[in-house]
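In what follows, a structure is listed as structure tokens, so that the remarks can point back to it.
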Amino acid sequence: MTRLRIDLAYNGSGFHGWAVQPKGRTVQGTIENAINRILGAHRGTCGDGTSDDGISEDSTVYRLTVAGRTDAGVHASHQVCHLDVPDDALARCVGHMRLGPVSAFATRLSRMMPDDIAIHDVSVAPDGFDARFSALERTYVYRVCDARTPWDPRLKDFVWRTDRELDVARMNEAAALTLGLHDFGSFAIANPGGTTIRDVKRAHWRRVPTRPLFAEGADAATARAAAAEGADGSGADVAAGEWYATPAVESGLLCFTIVADAFARNMVRSLVGACVQVGIGKRDIDWFARKMSVPLREGSTGPIAPQGLTLEHIAYPADDELAARAERIRARRTLPEA
């Protein structure tokens with residue numbers, strides 16, 4: 001048996017979240033369906049012991065273990081999962097390709113993905129690796145376009161828009177209260193038998209500076225000269241001294257970056273929603289502080305819209321620490337005695 005680590009990304013707009021559901025398209029379901037086609041096809045062919053989706057009725061159902069489940073509409077630029085595959089099944093992926101078994105599996109899987117999922121890497125996982133329990137921390141970023149920045153409609157899939165101007169300093173006062181080990185029961189939903197206690201290592205709002213695609217100085221001068229020359233060499237395409245400093249796509253956006261050992265359901269989106277209420281002056285810092293001190297879920301701290309949220313990174317310890325990390329994290333967390 002070989003454990004594979006799969007690094008991937010996806011646009012969550014067209015999915016009902018990561019986890020498989022009885023109805024609705026999911027990231028996990030889409031990938032697992034492809035994996036079962038790849039690894040189960042050798043057991044039968046259509047019309048000869050296979051189901052309608054091309055998977056043999058007696059084939060193994062391969063399941064993914066993911067680092068962090070994302071909700072409907074939430075994206076991931078870096079997600080990690082693992083998969084256990086029998087060595088003989090992996091070897092059969094080679095077929096006529098001049099590749100090793102893992103590379104052959106990765107190639108087949110990548111080719112079967114829709115445009116809103118990208119397989120970035122497939123590798124043999126180190127001993128003790130568990131995509132979920134071995135992770136040291138997860139990083140999420142929530143992107144907002146407020147009234148200070150012109151709205152670019154191309155960003156609608158991964159940026160939340162408001163016509164209000166947000167007070168970044170006040171929102172950072174609120175965000176600072178989340179740092180450390182806390183019970184986030186006011187902002188999250190615990191899984192059955194689980195807890196909403198989490199250790200937040202970083203939480204900060206920052207407006208992205210407006211950055212032109214061409215830097216000032218020599219590069220800009222070179223670009224202006226090239227544009228001024230024009231297609232026919234006449235220089236008629238650009239008026240003398242005129243140049244457009246096209247901004248980078250995230251220029252002017254407000255980004256909330258939060259890093260924690262793990263996150264409970266709806267936790268990031270609820271924290272963002274509460275910060276936004278502070279940022280527009282609807283709530284004050286004392287209100288936010290009370291929500292942190294009394295972990296009680298109620299209507300004023302519900303999750304904000306999902307499209308602004310992206311899982312950006314999963315960090316893992318050194319290979320020789322993976323198993324021990326997983327063992328520690330499996331234990332139920334509690335807050336220290338006061």
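As shown in the structure tokens, the chain order sets the letters A, B, ...; within each chain, residues go from 1, and ligands are also counted from 1 in the order they appear.
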Distance query region 81-96 of chain A at most 6 Å, only C-alpha atoms, self and fewer than 2 positions along chain excluded, as a ChimeraX atom specification: /A:1-6,39,64-67,101,104-105,131
With only C-alpha atoms as the counted atoms, please give the residues lying no more than 9 Å from Thr30 (chain A), apart from itself and same-chain residues fewer than 4 positions off, as a list in words. Val20, Arg25, Thr26, Ala34, Ile35, Met113 and Pro114 of chain A
Take the residues just selected and output them with C-alpha atoms as a CSV table (one decimal), in the first residue's frame.
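Below is the file that was written, again.csv:
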```csv
chain,number,residue,atom,x,y,z
A,20,VAL,CA,-19.2,14.6,-0.8
A,25,ARG,CA,-21.4,18.8,-7.3
A,26,THR,CA,-18.4,18.8,-4.8
A,34,ALA,CA,-11.9,10.4,-11.4
A,35,ILE,CA,-9.6,8.4,-9.1
A,113,MET,CA,-10.0,17.3,-14.0
A,114,PRO,CA,-12.4,20.0,-15.1
```
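Shortest atom-to-atom contact with Asp183 (chain A) among A:Arg170, A:Lys291, A:Lys282, A:Arg330: A:Lys291, counting only C-alpha atoms.
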Every residue of region 34-136 of chain A that DSSP places in strand (DSSP E), as a list in words: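 DSSP-assigned strand (DSSP E) residues in region 34-136 of chain A: Thr65, Val66, His75, Ala76, Ser77, His78, Gln79, Val80, Cys81, His82, Leu83, Asp84, Val85, Ile117, Ala118, Ile119, His120, Asp121, Val122, Ser123 and Val124 of chain A.
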What does the file look like for those residues with C-alpha atoms, as a PDB file, in the first residue's frame?
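This went into out.pdb:
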```pdb
ATOM      1  CA  THR A  65      -8.515  12.610   3.419  1.00  0.00           C
ATOM      2  CA  VAL A  66      -8.245  16.395   3.170  1.00  0.00           C
ATOM      3  CA  HIS A  75     -11.760  28.515  -3.052  1.00  0.00           C
ATOM      4  CA  ALA A  76      -8.331  26.965  -2.527  1.00  0.00           C
ATOM      5  CA  SER A  77      -5.084  28.012  -4.148  1.00  0.00           C
ATOM      6  CA  HIS A  78      -3.324  25.335  -2.054  1.00  0.00           C
ATOM      7  CA  GLN A  79      -5.215  22.355  -0.686  1.00  0.00           C
ATOM      8  CA  VAL A  80      -3.669  19.034   0.394  1.00  0.00           C
ATOM      9  CA  CYS A  81      -5.178  15.565   0.655  1.00  0.00           C
ATOM     10  CA  HIS A  82      -3.906  12.010   0.875  1.00  0.00           C
ATOM     11  CA  LEU A  83      -4.948   8.743  -0.711  1.00  0.00           C
ATOM     12  CA  ASP A  84      -3.986   5.135   0.083  1.00  0.00           C
ATOM     13  CA  VAL A  85      -3.544   3.002  -3.043  1.00  0.00           C
ATOM     14  CA  ILE A 117      -9.763  22.015 -10.422  1.00  0.00           C
ATOM     15  CA  ALA A 118      -5.985  21.862 -10.908  1.00  0.00           C
ATOM     16  CA  ILE A 119      -3.742  19.036  -9.681  1.00  0.00           C
ATOM     17  CA  HIS A 120      -0.423  20.697  -8.857  1.00  0.00           C
ATOM     18  CA  ASP A 121       1.547  17.717  -7.562  1.00  0.00           C
ATOM     19  CA  VAL A 122       1.232  14.045  -6.618  1.00  0.00           C
ATOM     20  CA  SER A 123       4.007  12.485  -4.537  1.00  0.00           C
ATOM     21  CA  VAL A 124       4.651   9.530  -2.258  1.00  0.00           C
TER      22      VAL A 124
END
```
Polymer residues at most 10 Å from Ile280 (chain A), only C-alpha atoms, same-chain spacing of 3 or more positions, as a VMD selection string: chain A and resid 164 to 168 170 to 171 275 to 277 283 to 284
